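Undergrad: My file is input.cif. It has mmCIF, C-alpha atoms and all ligand atoms:
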```cif
data_input
#
loop_
_atom_site.label_atom_id
_atom_site.label_comp_id
_atom_site.auth_asym_id
_atom_site.auth_seq_id
_atom_site.Cartn_x
_atom_site.Cartn_y
_atom_site.Cartn_z
CA MET I 1 35.53 -15.71 -27.38
CA ASN I 2 36.24 -16.70 -31.01
CA ALA I 3 36.94 -13.46 -32.96
CA SER I 4 35.26 -14.57 -36.20
CA GLY I 5 33.04 -12.05 -38.02
CA GLY I 6 29.89 -13.87 -36.87
CA TRP I 7 30.75 -13.41 -33.18
CA GLU I 8 31.86 -9.79 -33.71
CA ARG I 9 28.40 -8.91 -35.00
CA LEU I 10 26.80 -10.50 -31.96
CA GLU I 11 29.19 -8.85 -29.51
CA PRO I 12 27.22 -5.56 -29.01
CA LYS I 13 24.19 -7.54 -27.80
CA LEU I 14 26.23 -9.65 -25.38
CA ALA I 15 28.02 -6.57 -24.03
CA ALA I 16 24.73 -4.67 -23.57
CA THR I 17 23.31 -7.49 -21.45
CA GLN I 18 26.45 -7.64 -19.36
CA ARG I 19 26.43 -3.84 -18.84
CA ARG I 20 22.81 -3.87 -17.78
CA VAL I 21 23.31 -6.66 -15.23
CA GLN I 22 26.47 -5.07 -13.84
CA ALA I 23 24.79 -1.68 -13.49
CA LEU I 24 22.43 -3.23 -10.94
CA GLU I 25 24.50 -6.05 -9.48
CA TRP I 26 27.92 -4.43 -9.14
CA GLU I 27 28.88 -6.32 -5.98
CA PRO I 28 28.02 -9.81 -4.63
CA ASP I 29 25.67 -8.38 -1.97
CA ARG I 30 23.46 -6.80 -4.64
CA ARG I 31 23.00 -10.00 -6.57
CA ASN I 32 19.28 -10.69 -6.90
CA SER I 33 18.93 -12.63 -10.14
CA PHE I 34 19.65 -16.35 -10.50
CA VAL I 35 20.50 -16.73 -6.81
CA ALA I 36 20.28 -20.40 -5.72
CA TYR I 37 18.34 -20.59 -2.44
CA THR I 38 18.16 -23.82 -0.44
CA VAL I 39 14.48 -23.79 0.42
CA GLU I 40 13.37 -25.66 3.55
CA ARG I 41 10.88 -28.29 2.49
CA ASP I 42 8.22 -27.63 5.11
CA SER I 43 8.53 -23.94 5.87
CA ALA I 44 8.63 -20.53 4.28
CA TYR I 45 12.34 -20.17 5.01
CA ALA I 46 15.38 -20.56 2.77
CA ASP I 47 19.07 -20.80 3.47
CA LEU I 48 21.51 -18.44 1.76
CA ASP I 49 25.20 -18.56 2.64
CA GLY I 50 24.41 -20.04 6.05
CA ARG I 51 21.71 -17.46 6.91
CA ARG I 52 18.06 -18.45 7.41
CA LEU I 53 15.86 -15.97 5.52
CA LEU I 54 12.08 -15.67 5.22
CA MET I 55 11.11 -16.19 1.56
CA MET I 56 8.49 -13.61 0.56
CA SER I 57 8.80 -13.87 -3.23
CA GLY I 58 7.98 -17.52 -3.92
CA TYR I 59 4.99 -18.64 -6.01
CA SER I 60 4.00 -21.76 -4.06
CA TYR I 61 0.78 -20.07 -2.96
CA LEU I 62 -0.83 -23.13 -1.39
CA GLY I 63 2.34 -24.05 0.47
CA LEU I 64 2.27 -27.55 -1.01
CA ALA I 65 5.74 -27.62 -2.58
CA GLY I 66 7.22 -29.89 0.09
CA ASP I 67 3.98 -31.59 1.13
CA GLU I 68 4.67 -35.25 1.86
CA ARG I 69 1.51 -36.44 0.04
CA VAL I 70 2.58 -34.59 -3.12
CA VAL I 71 6.14 -35.88 -2.86
CA ALA I 72 4.87 -39.45 -2.33
CA ALA I 73 2.61 -39.21 -5.40
CA ALA I 74 5.53 -38.01 -7.53
CA LYS I 75 7.78 -40.81 -6.25
CA ALA I 76 5.11 -43.44 -6.95
CA ALA I 77 4.74 -42.16 -10.53
CA VAL I 78 8.49 -42.38 -11.09
CA ASP I 79 8.48 -45.94 -9.74
CA LEU I 80 5.70 -46.86 -12.15
CA TYR I 81 6.59 -44.92 -15.30
CA GLY I 82 10.21 -43.79 -14.94
CA THR I 83 11.46 -40.23 -15.38
CA GLY I 84 10.23 -39.19 -18.81
CA ASN I 85 7.60 -39.91 -21.42
CA HIS I 86 9.93 -40.04 -24.42
CA GLY I 87 7.67 -38.43 -26.92
CA VAL I 88 4.89 -36.00 -27.72
CA ARG I 89 1.39 -36.64 -26.46
CA ALA I 90 0.01 -37.36 -29.95
CA LEU I 91 2.50 -40.18 -30.51
CA ALA I 92 4.14 -42.31 -27.79
CA GLY I 93 4.14 -39.71 -24.99
CA SER I 94 0.70 -40.17 -23.40
CA ILE I 95 0.27 -42.13 -20.17
CA PRO I 96 -2.97 -42.73 -18.21
CA LEU I 97 -1.82 -40.15 -15.64
CA HIS I 98 -2.16 -37.37 -18.25
CA GLU I 99 -5.77 -38.35 -18.86
CA GLU I 100 -6.50 -38.49 -15.13
CA LEU I 101 -4.93 -35.08 -14.65
CA GLU I 102 -6.88 -33.57 -17.55
CA ALA I 103 -10.14 -34.97 -16.19
CA GLU I 104 -9.35 -33.50 -12.74
CA VAL I 105 -8.43 -30.09 -14.19
CA ALA I 106 -11.68 -30.05 -16.21
CA ARG I 107 -13.71 -30.95 -13.12
CA PHE I 108 -11.96 -28.32 -11.01
CA ALA I 109 -12.41 -25.65 -13.68
CA ASP I 110 -16.04 -26.72 -14.21
CA ARG I 111 -15.52 -27.29 -17.93
CA GLU I 112 -16.20 -30.19 -20.30
CA ALA I 113 -12.56 -30.88 -21.10
CA SER I 114 -8.99 -29.76 -20.60
CA MET I 115 -5.52 -30.45 -21.96
CA VAL I 116 -2.17 -30.19 -20.26
CA PHE I 117 0.99 -28.61 -21.73
CA GLY I 118 4.64 -28.81 -20.65
CA SER I 119 4.48 -25.30 -19.15
CA GLY I 120 2.14 -22.35 -18.64
CA TYR I 121 4.18 -20.49 -21.24
CA ALA I 122 3.47 -23.25 -23.77
CA ALA I 123 -0.22 -23.28 -22.78
CA ASN I 124 -0.55 -19.58 -23.62
CA THR I 125 1.48 -19.53 -26.83
CA GLY I 126 -0.13 -22.77 -28.01
CA THR I 127 -3.70 -21.78 -27.21
CA VAL I 128 -3.47 -18.32 -28.77
CA GLY I 129 -1.80 -19.76 -31.87
CA GLY I 130 -4.45 -22.48 -32.08
CA LEU I 131 -7.33 -20.02 -31.85
CA VAL I 132 -6.28 -17.12 -34.07
CA GLY I 133 -4.16 -16.42 -37.14
CA PRO I 134 -3.88 -13.96 -40.01
CA GLY I 135 -7.23 -12.22 -40.59
CA ASP I 136 -8.24 -12.49 -36.91
CA THR I 137 -7.85 -9.83 -34.18
CA VAL I 138 -6.61 -10.24 -30.60
CA PHE I 139 -7.20 -7.60 -27.93
CA ILE I 140 -4.79 -7.76 -25.01
CA ASP I 141 -4.48 -5.84 -21.75
CA LYS I 142 -1.27 -3.80 -21.60
CA TYR I 143 -0.13 -5.79 -18.55
CA ASP I 144 -0.85 -9.27 -19.96
CA HIS I 145 1.86 -11.85 -19.32
CA ALA I 146 4.75 -12.18 -21.80
CA SER I 147 3.59 -15.66 -22.86
CA ILE I 148 0.30 -14.15 -24.09
CA VAL I 149 2.17 -11.42 -25.95
CA ASP I 150 4.51 -13.97 -27.53
CA GLY I 151 1.58 -16.21 -28.50
CA CYS I 152 -0.06 -13.25 -30.23
CA ARG I 153 3.12 -12.42 -32.13
CA LEU I 154 3.60 -16.01 -33.26
CA SER I 155 -0.04 -16.37 -34.32
CA GLY I 156 0.14 -13.79 -37.12
CA ALA I 157 -3.18 -12.26 -35.98
CA THR I 158 -3.62 -8.50 -35.74
CA VAL I 159 -2.79 -7.51 -32.16
CA THR I 160 -4.38 -4.54 -30.38
CA ARG I 161 -3.50 -3.45 -26.85
CA PHE I 162 -5.87 -1.69 -24.48
CA ARG I 163 -5.05 0.24 -21.31
CA HIS I 164 -4.72 -1.84 -18.16
CA ASN I 165 -8.13 -2.92 -16.80
CA ASP I 166 -9.81 -0.17 -18.86
CA VAL I 167 -12.98 -1.72 -20.33
CA ASP I 168 -14.04 1.55 -22.05
CA HIS I 169 -10.75 1.61 -23.89
CA LEU I 170 -11.24 -2.05 -24.89
CA GLU I 171 -14.69 -1.20 -26.20
CA ARG I 172 -13.27 1.60 -28.36
CA ARG I 173 -10.66 -0.81 -29.69
CA LEU I 174 -13.37 -3.38 -30.51
CA ARG I 175 -15.45 -0.75 -32.33
CA ALA I 176 -12.45 0.34 -34.39
CA ALA I 177 -11.29 -3.18 -35.31
CA SER I 178 -11.99 -5.11 -38.48
CA PRO I 179 -15.46 -6.71 -38.33
CA ASP I 180 -14.08 -9.88 -39.95
CA GLY I 181 -12.44 -12.93 -38.47
CA VAL I 182 -12.25 -14.26 -34.92
CA ARG I 183 -12.11 -11.63 -32.16
CA LEU I 184 -10.32 -12.77 -29.03
CA VAL I 185 -9.94 -10.69 -25.86
CA ILE I 186 -7.24 -11.98 -23.47
CA VAL I 187 -6.63 -10.89 -19.89
CA ASP I 188 -4.85 -12.21 -16.81
CA SER I 189 -7.34 -12.77 -14.01
CA VAL I 190 -4.75 -11.68 -11.42
CA TYR I 191 -1.92 -9.51 -12.73
CA SER I 192 1.40 -11.05 -11.76
CA MET I 193 3.25 -7.80 -11.08
CA ASP I 194 0.43 -5.80 -9.47
CA GLY I 195 -1.87 -8.31 -7.79
CA ASP I 196 -5.03 -6.62 -9.04
CA ILE I 197 -7.98 -8.45 -10.62
CA ALA I 198 -9.51 -8.11 -14.10
CA PRO I 199 -13.10 -6.69 -14.10
CA LEU I 200 -14.70 -9.90 -15.37
CA PRO I 201 -18.43 -8.93 -15.44
CA GLU I 202 -17.71 -5.75 -17.45
CA LEU I 203 -15.34 -7.59 -19.78
CA ARG I 204 -17.95 -10.30 -20.40
CA LYS I 205 -20.57 -7.68 -21.26
CA VAL I 206 -18.36 -5.86 -23.76
CA CYS I 207 -17.23 -9.15 -25.35
CA ASP I 208 -20.87 -10.23 -25.81
CA GLU I 209 -21.79 -6.87 -27.34
CA HIS I 210 -18.95 -7.12 -29.86
CA ASN I 211 -19.00 -10.84 -30.69
CA ALA I 212 -15.64 -11.49 -29.07
CA LEU I 213 -14.43 -14.57 -27.20
CA LEU I 214 -12.93 -14.03 -23.74
CA MET I 215 -9.80 -15.93 -22.69
CA VAL I 216 -8.46 -15.62 -19.14
CA ASP I 217 -5.08 -16.67 -17.72
CA GLU I 218 -5.63 -17.87 -14.15
CA ALA I 219 -1.91 -18.41 -13.35
CA HIS I 220 -1.99 -16.30 -10.17
CA ALA I 221 -5.67 -16.90 -9.37
CA LEU I 222 -5.96 -20.68 -9.08
CA GLY I 223 -5.83 -21.58 -5.39
CA VAL I 224 -5.75 -17.90 -4.46
CA ILE I 225 -9.02 -16.11 -5.30
CA GLY I 226 -12.61 -17.30 -4.94
CA ALA I 227 -13.80 -18.96 -1.73
CA THR I 228 -12.43 -22.37 -2.80
CA GLY I 229 -9.58 -21.13 -5.01
CA ARG I 230 -11.40 -21.69 -8.30
CA GLY I 231 -10.32 -18.32 -9.63
CA ILE I 232 -11.94 -15.31 -11.18
CA GLU I 233 -15.42 -16.69 -11.89
CA GLU I 234 -15.84 -17.77 -8.28
CA HIS I 235 -14.36 -14.44 -7.10
CA PHE I 236 -17.22 -12.65 -8.88
CA ASP I 237 -19.79 -15.13 -7.46
CA TRP I 238 -20.13 -16.88 -10.82
CA GLN I 239 -21.86 -13.82 -12.30
CA ALA I 240 -19.86 -14.09 -15.52
CA ARG I 241 -18.17 -16.87 -17.39
CA VAL I 242 -15.01 -17.13 -19.41
CA ASP I 243 -14.88 -18.82 -22.83
CA VAL I 244 -11.31 -20.11 -22.69
CA LYS I 245 -9.83 -20.72 -19.25
CA LEU I 246 -6.14 -21.30 -18.82
CA GLY I 247 -3.59 -21.67 -16.03
CA THR I 248 -0.28 -23.10 -14.90
CA LEU I 249 0.71 -26.04 -12.72
CA SER I 250 3.83 -24.25 -11.50
CA LYS I 251 2.59 -21.81 -8.87
CA ALA I 252 -0.18 -22.72 -6.39
CA ILE I 253 0.07 -26.23 -7.87
CA PRO I 254 3.69 -27.09 -7.05
CA SER I 255 4.73 -28.84 -10.23
CA MET I 256 5.40 -27.88 -13.85
CA GLY I 257 3.00 -27.56 -16.75
CA GLY I 258 0.06 -25.53 -17.95
CA TRP I 259 -3.56 -26.24 -18.88
CA VAL I 260 -6.42 -24.94 -20.94
CA ALA I 261 -10.05 -25.86 -20.28
CA GLY I 262 -13.28 -25.30 -22.20
CA PRO I 263 -15.91 -27.01 -24.36
CA ALA I 264 -14.89 -30.52 -25.54
CA GLU I 265 -14.95 -29.39 -29.18
CA LEU I 266 -12.50 -26.57 -28.46
CA ILE I 267 -10.07 -28.90 -26.67
CA GLY I 268 -10.47 -31.47 -29.46
CA HIS I 269 -9.35 -28.76 -31.89
CA LEU I 270 -6.45 -27.48 -29.76
CA ARG I 271 -5.01 -30.98 -29.35
CA TYR I 272 -4.22 -30.85 -33.08
CA ALA I 273 -3.74 -27.08 -33.53
CA ALA I 274 -1.63 -25.97 -30.53
CA ARG I 275 1.92 -26.38 -31.78
CA PRO I 276 3.74 -26.40 -28.38
CA PHE I 277 1.42 -29.29 -27.43
CA LEU I 278 1.77 -31.17 -30.69
CA PHE I 279 5.51 -30.70 -31.18
CA SER I 280 6.93 -30.76 -27.64
CA ALA I 281 7.46 -33.66 -25.23
CA ALA I 282 4.71 -34.66 -22.81
CA LEU I 283 4.69 -33.60 -19.17
CA GLY I 284 6.87 -35.99 -17.09
CA PRO I 285 5.21 -38.61 -14.83
CA ALA I 286 6.44 -37.05 -11.56
CA GLN I 287 5.16 -33.61 -12.57
CA ALA I 288 1.78 -34.96 -13.70
CA ALA I 289 1.32 -36.95 -10.48
CA ALA I 290 2.38 -34.03 -8.26
CA ALA I 291 -0.09 -31.74 -10.03
CA LEU I 292 -2.92 -34.26 -9.75
CA GLU I 293 -2.36 -34.86 -6.03
CA SER I 294 -2.10 -31.11 -5.32
CA LEU I 295 -5.36 -30.37 -7.11
CA ARG I 296 -7.06 -33.00 -4.99
CA ILE I 297 -5.57 -31.59 -1.77
CA LEU I 298 -6.72 -28.08 -2.75
CA GLN I 299 -10.29 -29.34 -3.04
CA ARG I 300 -10.11 -31.11 0.34
CA GLU I 301 -8.39 -28.23 2.16
CA PRO I 302 -10.01 -24.94 1.14
CA GLU I 303 -8.79 -23.45 4.43
CA ARG I 304 -5.45 -22.95 2.66
CA VAL I 305 -7.13 -20.46 0.32
CA ALA I 306 -8.78 -18.62 3.22
CA HIS I 307 -5.40 -18.40 4.98
CA ILE I 308 -3.71 -16.83 1.93
CA GLN I 309 -6.52 -14.30 1.54
CA HIS I 310 -6.53 -13.39 5.23
CA GLN I 311 -2.76 -13.08 5.62
CA SER I 312 -2.23 -11.08 2.41
CA ALA I 313 -4.95 -8.63 3.51
CA ARG I 314 -3.22 -8.31 6.90
CA LEU I 315 0.18 -7.65 5.34
CA ARG I 316 -1.28 -5.05 3.00
CA LYS I 317 -3.09 -3.33 5.86
CA ILE I 318 -0.01 -3.13 8.11
CA ILE I 319 2.36 -1.73 5.49
CA ASN I 320 -0.18 0.56 3.77
CA ALA I 321 -0.97 2.11 7.15
CA GLU I 322 2.69 3.16 7.39
CA GLY I 323 2.68 4.62 3.86
CA LEU I 324 4.27 1.77 1.88
CA ARG I 325 2.42 1.59 -1.47
CA THR I 326 1.12 -1.64 -3.01
CA GLN I 327 -0.72 -0.21 -6.07
CA ASP I 328 -4.20 -1.75 -6.53
CA SER I 329 -3.22 -5.14 -5.12
CA GLU I 330 -6.10 -7.14 -3.67
CA THR I 331 -4.65 -10.66 -3.87
CA ALA I 332 -1.60 -12.59 -2.64
CA VAL I 333 0.72 -10.57 -4.92
CA LEU I 334 1.86 -7.32 -3.32
CA PRO I 335 4.10 -4.95 -5.27
CA LEU I 336 6.27 -2.85 -2.94
CA ILE I 337 6.96 0.18 -5.10
CA ALA I 338 10.53 1.45 -4.82
CA GLY I 339 10.78 3.75 -7.87
CA SER I 340 13.87 3.40 -10.05
CA ASP I 341 15.47 0.05 -10.90
CA ASP I 342 18.35 1.01 -8.64
CA ALA I 343 16.00 1.80 -5.76
CA ALA I 344 14.34 -1.62 -6.11
CA TYR I 345 17.75 -3.30 -5.91
CA ASP I 346 18.66 -1.22 -2.85
CA LEU I 347 15.41 -2.23 -1.18
CA ALA I 348 15.85 -5.95 -1.98
CA THR I 349 19.41 -5.91 -0.68
CA THR I 350 18.38 -4.13 2.53
CA CYS I 351 15.44 -6.52 3.07
CA ARG I 352 17.83 -9.45 2.83
CA LYS I 353 20.09 -7.83 5.43
CA ASN I 354 16.96 -7.55 7.60
CA GLY I 355 16.12 -11.26 7.22
CA VAL I 356 13.60 -11.31 4.36
CA ILE I 357 13.87 -12.24 0.69
CA GLY I 358 11.83 -9.85 -1.49
CA LEU I 359 12.92 -9.96 -5.10
CA PRO I 360 13.09 -6.92 -7.38
CA VAL I 361 11.25 -6.57 -10.67
CA VAL I 362 12.67 -3.84 -12.89
CA THR I 363 12.12 -2.31 -16.35
CA PRO I 364 11.13 -3.39 -18.95
CA ALA I 365 9.00 -5.92 -16.99
CA VAL I 366 7.33 -2.97 -15.19
CA PRO I 367 6.83 0.69 -16.21
CA ASN I 368 9.56 3.29 -15.65
CA ASP I 369 9.77 4.53 -12.05
CA LEU I 370 7.53 1.71 -10.85
CA ALA I 371 10.31 -0.82 -10.15
CA ARG I 372 9.32 -2.87 -7.13
CA LEU I 373 9.72 -5.89 -4.95
CA ARG I 374 7.21 -8.50 -5.98
CA ILE I 375 5.95 -10.04 -2.76
CA ALA I 376 3.78 -13.17 -2.61
CA VAL I 377 1.98 -14.49 0.46
CA THR I 378 1.53 -18.26 0.73
CA ALA I 379 -0.24 -20.74 2.97
CA ARG I 380 3.17 -21.53 4.50
CA HIS I 381 3.42 -18.05 6.04
CA THR I 382 2.27 -18.01 9.64
CA GLU I 383 0.83 -14.91 11.25
CA ALA I 384 4.21 -14.39 12.97
CA ASP I 385 5.98 -14.65 9.58
CA ILE I 386 3.71 -11.96 8.16
CA ASP I 387 4.34 -9.66 11.12
CA PHE I 388 8.09 -10.21 10.82
CA ALA I 389 8.00 -9.54 7.05
CA ALA I 390 5.91 -6.39 7.49
CA GLN I 391 8.39 -4.92 10.00
CA ALA I 392 11.36 -5.91 7.81
CA PHE I 393 9.77 -4.21 4.77
CA LEU I 394 9.01 -1.04 6.75
CA THR I 395 12.45 -0.87 8.37
CA SER I 396 14.13 -1.47 5.01
CA ALA I 397 11.97 1.14 3.24
CA ARG I 398 12.97 3.68 5.91
CA GLU I 399 16.66 2.76 5.63
CA CYS I 400 16.46 3.20 1.85
CA GLY I 401 14.66 6.55 2.04
CA ILE I 402 11.46 5.20 0.43
CA LEU I 403 9.64 6.07 3.66
CA PRO I 404 10.64 8.89 5.99
CA ALA I 405 13.08 7.65 8.70
C1 LIG T 1 0.33 -14.76 -15.73
C2 LIG T 1 1.28 -15.86 -16.12
N1 LIG T 1 0.94 -16.67 -17.14
C3 LIG T 1 1.77 -17.65 -17.54
C4 LIG T 1 2.98 -17.88 -16.93
C5 LIG T 1 3.88 -18.97 -17.42
O1 LIG T 1 3.76 -20.06 -16.59
P1 LIG T 1 4.92 -21.17 -16.44
O2 LIG T 1 5.96 -20.57 -15.53
O3 LIG T 1 4.22 -22.33 -15.85
O4 LIG T 1 5.46 -21.42 -17.80
C6 LIG T 1 3.38 -17.07 -15.86
C7 LIG T 1 4.67 -17.30 -15.20
O5 LIG T 1 5.22 -16.55 -14.47
C8 LIG T 1 2.50 -16.03 -15.44
O6 LIG T 1 2.83 -15.22 -14.43
#
```
The structure given in the file should be rewritten as structure tokens.

TA:
Amino acid sequence: MNASGGWERLEPKLAATQRRVQALEWEPDRRNSFVAYTVERDSAYADLDGRRLLMMSGYSYLGLAGDERVVAAAKAAVDLYGTGNHGVRALAGSIPLHEELEAEVARFADREASMVFGSGYAANTGTVGGLVGPGDTVFIDKYDHASIVDGCRLSGATVTRFRHNDVDHLERRLRAASPDGVRLVIVDSVYSMDGDIAPLPELRKVCDEHNALLMVDEAHALGVIGATGRGIEEHFDWQARVDVKLGTLSKAIPSMGGWVAGPAELIGHLRYAARPFLFSAALGPAQAAAALESLRILQREPERVAHIQHQSARLRKIINAEGLRTQDSETAVLPLIAGSDDAAYDLATTCRKNGVIGLPVVTPAVPNDLARLRIAVTARHTEADIDFAAQAFLTSARECGILPA
């Protein structure tokens, strides 16, 4: 690398990253980050170096990623519109497909209006930044997704964290906060690393008592919880409502993009105030069409949601019975707790040897000594796949000393 003074000053940062990666991935077999898997289009399996492995860490909850109807919709959109939209939505970037998709998202979310961003990350940063600024206060759960945290930082609002899923702690924070300005409480409906669910009715009550708005990120809930996959409100039998509802189009919906839904006046405001929407190119035609078709399939085929719920409960039951911990998971996300970062890498590497891909999540993404494999059950997993995965996890945990041999 060029030895100029500018590069020398950067060097400690580059070296620290390299040291950290090498400490975990010191030989090719232990490589778990940025591995390119050739995923089979119509199954839960992936090819790695000529071996067929069961993918247990993918996000395509509804199993629609290779669905021929979704692929056909994307191809038709490319035929009609080409590969890009060549601009931001406010200027030349909008196509009728965006409006159709936004109407479908709003209908699905049971809201007056919605708008679609280029990613879920942009949806969170843009929405938070469009709602609050200096003089306002945001209250976030300690385990909220990084895109919410980054949105808060960029917004310039005062940011207060409360303990994970602890509504009493949130209430104390609300009491102690400035009485002025907008008060916005933000939670994930399903926590991406733990698979547990936010206590919506209690959160709603506390927000009402303290004049706060409630925003919920449904990234891991859409298509997964609630009888028809409509997320946290349906999960709690519609006993409580959310003020600002947000999600991605990159997980259960096998595309790219993010959305926010709410009252028409709110969306009308965000279309001009959310900077990642206003200053970043519009969602591509293929991605918009794939998302639209998938949302329609989800509504026609709710049995996919039931399958995910049933099979994730089965997997949890089998491995918990043998002593393998999954924290408070009650959804399709199951954290297999290994302990140290090193232990999580050992477990992932051993699982792969035993035929299953379970990818490690390490600090700082998760607390110290709670490094884990983040497992996700999808509608593509058959009952036999789940049984195979359960035995592979148990065997691997025994081989790694996480469970007694
Ligand atoms: C809870 C949550 N919100 C938002 C995002 C960002 O979504 P996207 O990947 O579509 O940018 C993620 C992605 O992992 C997530 O887990």

Undergrad: Please tabulate, as CSV, the residues of chain I that come within 8 Å of ligand LIG 1 (chain T), each with its closest pair of atoms and the distance in Å to one decimal, counting only C-alpha atoms and all ligand atoms and ordering rows by chain, then residue number upward.

TA:
```
residue,atom,partner,partner_atom,distance
I:Gly118,CA,T:LIG1,O4,8.0
I:Ser119,CA,T:LIG1,O4,4.2
I:Gly120,CA,T:LIG1,O1,3.5
I:Tyr121,CA,T:LIG1,O4,3.8
I:Ala122,CA,T:LIG1,O4,6.6
I:Ala123,CA,T:LIG1,O4,7.8
I:Asn124,CA,T:LIG1,C3,6.8
I:Asp144,CA,T:LIG1,C1,7.0
I:His145,CA,T:LIG1,C1,4.9
I:Ala146,CA,T:LIG1,N1,7.5
I:Ser147,CA,T:LIG1,C3,6.0
I:Ile148,CA,T:LIG1,N1,7.4
I:Asp188,CA,T:LIG1,C1,5.9
I:Val190,CA,T:LIG1,C1,7.3
I:Tyr191,CA,T:LIG1,C1,6.5
I:Ser192,CA,T:LIG1,O6,5.2
I:Asp217,CA,T:LIG1,N1,6.0
I:Glu218,CA,T:LIG1,C1,6.9
I:Ala219,CA,T:LIG1,C1,4.9
I:His220,CA,T:LIG1,C1,6.2
I:Gly247,CA,T:LIG1,N1,6.8
I:Thr248,CA,T:LIG1,O3,4.7
I:Leu249,CA,T:LIG1,O3,6.0
I:Ser250,CA,T:LIG1,O3,4.8
I:Lys251,CA,T:LIG1,O3,7.2
I:Met256,CA,T:LIG1,O3,6.0
I:Gly257,CA,T:LIG1,O3,5.4
I:Gly258,CA,T:LIG1,O3,5.7
```

Undergrad: By how many Å are CA of Arg325 (chain I) and CA of Gly229 (chain I) apart?

TA: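 Value for the CA of Arg325 (chain I)-CA of Gly229 (chain I) distance: 25.9 Å.
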
Undergrad: Sorted by chain and rising residue number, which residues of region 5-26 of chain I lie within 9 Å of region 331-352 of chain I, and what are their closest atom pairs and distances in Å to one decimal, counting only C-alpha atoms, as a Markdown table?

TA:
```
| residue | atom | partner | partner_atom | distance |
| --- | --- | --- | --- | --- |
| I:Ala23 | CA | I:Asp342 | CA | 8.5 |
| I:Leu24 | CA | I:Asp342 | CA | 6.3 |
| I:Glu25 | CA | I:Tyr345 | CA | 8.1 |
```

Undergrad: List as a list in words the protein and nucleic acid residues near region 92-107 of chain I, meaning an atom at most 7 Å away when only C-alpha atoms are counted, but skip any in the same chain fewer than 4 places from it.

TA: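 Selected residues are Asn85, His86, Gly87, Val88, Arg111, Glu112, Ala113, Ser114, Met115, Val116, Ala261, Ala281, Ala282, Ala288, Ala289 and Leu292 of chain I.
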
Undergrad: May I have the selected residues written with C-alpha atoms, as a PDB file, in the coordinates of the input?

TA:
```
ATOM      1  CA  ASN I  85       7.600 -39.910 -21.420  1.00  0.00           C
ATOM      2  CA  HIS I  86       9.930 -40.040 -24.420  1.00  0.00           C
ATOM      3  CA  GLY I  87       7.670 -38.430 -26.920  1.00  0.00           C
ATOM      4  CA  VAL I  88       4.890 -36.000 -27.720  1.00  0.00           C
ATOM      5  CA  ARG I 111     -15.520 -27.290 -17.930  1.00  0.00           C
ATOM      6  CA  GLU I 112     -16.200 -30.190 -20.300  1.00  0.00           C
ATOM      7  CA  ALA I 113     -12.560 -30.880 -21.100  1.00  0.00           C
ATOM      8  CA  SER I 114      -8.990 -29.760 -20.600  1.00  0.00           C
ATOM      9  CA  MET I 115      -5.520 -30.450 -21.960  1.00  0.00           C
ATOM     10  CA  VAL I 116      -2.170 -30.190 -20.260  1.00  0.00           C
ATOM     11  CA  ALA I 261     -10.050 -25.860 -20.280  1.00  0.00           C
ATOM     12  CA  ALA I 281       7.460 -33.660 -25.230  1.00  0.00           C
ATOM     13  CA  ALA I 282       4.710 -34.660 -22.810  1.00  0.00           C
ATOM     14  CA  ALA I 288       1.780 -34.960 -13.700  1.00  0.00           C
ATOM     15  CA  ALA I 289       1.320 -36.950 -10.480  1.00  0.00           C
ATOM     16  CA  LEU I 292      -2.920 -34.260  -9.750  1.00  0.00           C
TER      17      LEU I 292
END
```

Undergrad: Do you have the CA of Ile386 (chain I)-CA of Ser33 (chain I) distance handy?

TA: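 Those two atoms sit 23.8 Å apart.
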
Undergrad: Quick one: distance from CA of Gln391 (chain I) to CA of Glu322 (chain I) in Å, one decimal?

TA: 10.2 Å

Undergrad: Output region 320-325 of chain I with N, CA, C and O atoms present, as a short mmCIF file (atom, residue, chain, number, x, y, z; two decimals), keeping the file's coordinate frame.

TA:
```cif
data_model
loop_
_atom_site.label_atom_id
_atom_site.label_comp_id
_atom_site.auth_asym_id
_atom_site.auth_seq_id
_atom_site.Cartn_x
_atom_site.Cartn_y
_atom_site.Cartn_z
N ASN I 320 0.50 -0.62 4.33
CA ASN I 320 -0.18 0.56 3.77
C ASN I 320 -0.39 1.62 4.85
O ASN I 320 -0.25 2.81 4.60
N ALA I 321 -0.72 1.17 6.05
CA ALA I 321 -0.97 2.11 7.15
C ALA I 321 0.26 2.96 7.45
O ALA I 321 0.16 4.08 7.91
N GLU I 322 1.45 2.41 7.14
CA GLU I 322 2.69 3.16 7.39
C GLU I 322 3.16 3.89 6.12
O GLU I 322 4.27 4.43 6.09
N GLY I 323 2.36 3.83 5.06
CA GLY I 323 2.68 4.62 3.86
C GLY I 323 3.40 3.85 2.76
O GLY I 323 3.76 4.44 1.74
N LEU I 324 3.61 2.54 2.94
CA LEU I 324 4.27 1.77 1.88
C LEU I 324 3.22 1.35 0.84
O LEU I 324 2.23 0.70 1.17
N ARG I 325 3.44 1.77 -0.43
CA ARG I 325 2.42 1.59 -1.47
C ARG I 325 2.43 0.18 -2.06
O ARG I 325 3.48 -0.40 -2.28
#
```
